[in-house]
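Notes to accompany the following structure.
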Amino acid sequence: MATVHIDRLLEACIKMGGSDLHITVGRPPVLRLHGRLRSLETKVLEPEDTTALMKSITPDKNQQEFQESGSTDYGFAFGDKARFRTSVFRQKGNIAMVLRLIPSELLSFDKIGLPKICAALCRRPRGLFLVTGPTGSGKTTTLASMINYINETLDRHIITVEHPIEYYHQHKKSIINQREVGVDVPSFAESLRRALRQDPDVILVGELRDLETMENAISAAETGHLVFSTVHTTGCQGTINRIVNVFPVDQQEQIRIQLSTNLIAVLSQALCPLKIGKGRVAAYEFMVVTPAISNLIRENKTFRIESAIQTGKGLGMQLLDDHLWELYDADKISLEEMLEKARQPSMLLEKAEKKVGGRTAEFMKELEGIGPVLGSKD
């Protein structure tokens with residue numbers, strides 16, 4: 001019975017365009033649609049329901065890991081319709097699950113609105129390209145698009161290390177080997193060490209989550225490989241500070257020097273629901289490491305990076321707030337969405353007031369329900 005049930009839930013997620021399916025005791029199954037949560041019209045789940053649903057799709061190895069540690073993550077294919085990345089965990093002694101839908105279609109740079117210079121950066125022979133942003137901001141999709149672009153246009157050996165593998169790539173012009181942490185290799189750091197002996201041109205590391213992985217990724221870029229990865233940070237300046245601060249104080253100057261010569265770009269993104277119609281649009285902050293920015297990183301003057309991004313518009317660089325304003329000004333996203341995702345919400349609020357000629361009744365209505373907007377989120 002549970003298998004039929006889970007199939008119906010997964011079908012609903014695909015058909016309705018959901019990004020995540022939440023299963024937890026005390027609520028019906030919930031879909032995240034265009035960034036908002038919506039309950040499905042089915043029964044409220046009991047402990048035995050979530051247990052049966054978990055057992056119907058979770059491999060034995062992961063069930064064992066769940067029993068031992070209270071959580072497990074894995075990916076699985078739902079026929080040829082889609083793949084799901086699944087996280088199973090325990091809460092209040094019961095089983096809960098979140099299934100993230102991984103679309104089967106790999107999107108082009110134009111479709112996801114990536115800056116045009118990304119294509120040229122993907123052709124670089126070496127360097128570190130970071131995609132950052134909070135969970136659920138589309139980092140994996142952006143990276144999959146870049147890897148697909150290389151795969152279709154260049155003859156490279158691409159190695160990806162993921163936990164779990166989300167987008168499956170076929171060999172095209174390149175050879176692509178995808179390794180899953182916990183299945184093909186024990187850890188990100190170990191896989192990076194091994195990868196250097198496997199004649200790679202391009203390495204994708206799912207996440208720079210610890211000092212050892214960061215160290216290995218930077219040295220892989222240094223030794224002549226193009227390395228892509230993600231960091232859970234907001235903004236380009238914050239990303240550099242976060243990486244440097246992971247290292248002990250006596251190593252930080254060395255890391256700044258290494259980053260200044262090996263980092264080629266940081267793309268920081270946020271996903272916003274569209275104001276009209278269905279779907280979401282990505283807002284980007286984008287930094288290409290020019291000689292000027294390289295000096296700022298080396299000299300620990302990251303606080304000046306934002307003004308360097310503003311003067312680098314010719315290279316496609318932009319600040320997140322500027323892109324959010326563009327989307328709001330074009331009526332693609334709501335005032336609330338712009339302010340919620342902004343780094344300097346009060347400045348954008350002022351700009352929005354000027355645009356409509358002051359706090360009109362309509363503007364005040366839009367402001368209703370938005371909490372107080374205070375200062376900067378930096």
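Simple scheme: letters A, B, ... for chains in structure tokens order, numbers from 1 for residues in each chain, numbers from 1 for ligands in the order shown.
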
_Members of range 127-156 of chain A assigned strand (DSSP E or B) by DSSP, as a list in words_ = Gly127, Leu128, Phe129, Leu130, Val131 and Thr132 of chain A

*Go through range 51-277 of chain A and collect every residue that DSSP, computed from the backbone, puts in alpha helix (DSSP H); the answer should be as a PyMOL selection string.*
chain A and resi 51-57+60-69+109-112+117-122+139-153+188-195+211-222+236-246+249-262

*Leaving out range 114-119 of chain A and any residue of its chain fewer than 2 positions from it, which residues lie within 9 Å of it when counting only C-alpha atoms, given as a ChimeraX atom specification?*
/A:108-112,121-123,142,146,149-150,265,282,284,286,288,315-317

*asked:* When you look at Gly93 in chain A with a cut-off of 10 Å (counting only C-alpha atoms), what residues show up, excluding the ones that are within fewer than 4 positions of it in the same chain? I need them as JSON, numbers by chain.
replied: {"A": [47, 70, 89]}

Could you save the residues just selected, with all heavy atoms, as a PDB file, in the first residue's frame?
```
ATOM      1  N   PRO A  47       2.431   7.826  12.626  1.00  0.00           N
ATOM      2  CA  PRO A  47       3.803   7.277  12.669  1.00  0.00           C
ATOM      3  C   PRO A  47       3.994   6.067  11.751  1.00  0.00           C
ATOM      4  O   PRO A  47       5.005   5.952  11.065  1.00  0.00           O
ATOM      5  CB  PRO A  47       3.998   6.898  14.137  1.00  0.00           C
ATOM      6  CG  PRO A  47       3.086   7.834  14.880  1.00  0.00           C
ATOM      7  CD  PRO A  47       1.895   8.038  13.982  1.00  0.00           C
ATOM      8  N   GLY A  70      20.320   8.061  13.068  1.00  0.00           N
ATOM      9  CA  GLY A  70      19.120   8.909  13.163  1.00  0.00           C
ATOM     10  C   GLY A  70      18.847   9.730  11.916  1.00  0.00           C
ATOM     11  O   GLY A  70      17.870  10.481  11.866  1.00  0.00           O
ATOM     12  N   PHE A  89      15.067  11.515   8.412  1.00  0.00           N
ATOM     13  CA  PHE A  89      15.578  11.858   9.750  1.00  0.00           C
ATOM     14  C   PHE A  89      14.524  11.552  10.807  1.00  0.00           C
ATOM     15  O   PHE A  89      13.354  11.311  10.496  1.00  0.00           O
ATOM     16  CB  PHE A  89      15.997  13.341   9.808  1.00  0.00           C
ATOM     17  CG  PHE A  89      14.922  14.313   9.386  1.00  0.00           C
ATOM     18  CD1 PHE A  89      14.129  14.955  10.329  1.00  0.00           C
ATOM     19  CD2 PHE A  89      14.705  14.589   8.035  1.00  0.00           C
ATOM     20  CE1 PHE A  89      13.144  15.852   9.946  1.00  0.00           C
ATOM     21  CE2 PHE A  89      13.715  15.483   7.634  1.00  0.00           C
ATOM     22  CZ  PHE A  89      12.933  16.114   8.599  1.00  0.00           C
TER      23      PHE A  89
END
```

*Restricting the calculation to only C-alpha atoms, which member of A:Val227, A:Val98, A:Leu319, A:Ala144 is positioned closest to Leu128 in chain A?*
A:Val227

_Given only C-alpha atoms as the counted atoms, nearest of A:Leu274, A:Ala308, A:Leu320, A:Leu211 to Ile333 in chain A_ = A:Leu274

*Grab the CA of Val231 in chain A to CA of His157 in chain A distance for me, in Å with one decimal place.*
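CA of His157 in chain A lies 23.6 Å from CA of Val231 in chain A.
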
*Find the residues around Asn262 in chain A up to 7 Å (only C-alpha atoms counted), leave out those fewer than 4 positions away in its own chain, and share them as a ChimeraX atom specification.*
/A:127-128,221-222,258

I need the residues from that last selection saved to file as a compact mmCIF listing (two decimals), in the first residue's frame (with N, CA, C and O atoms), if you can.
```txt
# COMPACT_ATOMS: atom_id res chain seq x y z
N GLY A 127 41.62 26.95 -12.21
CA GLY A 127 41.05 27.95 -11.32
C GLY A 127 39.89 27.39 -10.52
O GLY A 127 39.46 26.26 -10.73
N LEU A 128 39.40 28.20 -9.58
CA LEU A 128 38.31 27.80 -8.69
C LEU A 128 37.11 28.69 -8.95
O LEU A 128 37.21 29.91 -8.89
N ALA A 221 43.01 23.42 -7.82
CA ALA A 221 42.95 24.56 -8.76
C ALA A 221 44.36 25.06 -9.05
O ALA A 221 44.69 25.42 -10.18
N GLU A 222 45.18 25.02 -8.02
CA GLU A 222 46.56 25.53 -8.12
C GLU A 222 47.41 24.65 -9.04
O GLU A 222 48.30 25.13 -9.73
N GLN A 258 46.71 32.23 -1.87
CA GLN A 258 46.27 31.16 -2.77
C GLN A 258 44.95 31.50 -3.45
O GLN A 258 44.78 31.28 -4.65
```

*What gap, in Å, lies between CA of Leu335 in chain A and CA of Lys275 in chain A?*
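Distance reported for this atom pair: 9.2 Å.
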
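From CA of Val244 in chain A back to CA of Ser260 in chain A, the distance works out to 11.3 Å.
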
*For Ile264 in chain A, which residue among A:His22, A:Gly35, A:Phe228, A:Leu192 is the nearest when counting only C-alpha atoms?*
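Closest residue, counting only C-alpha atoms: A:Phe228.
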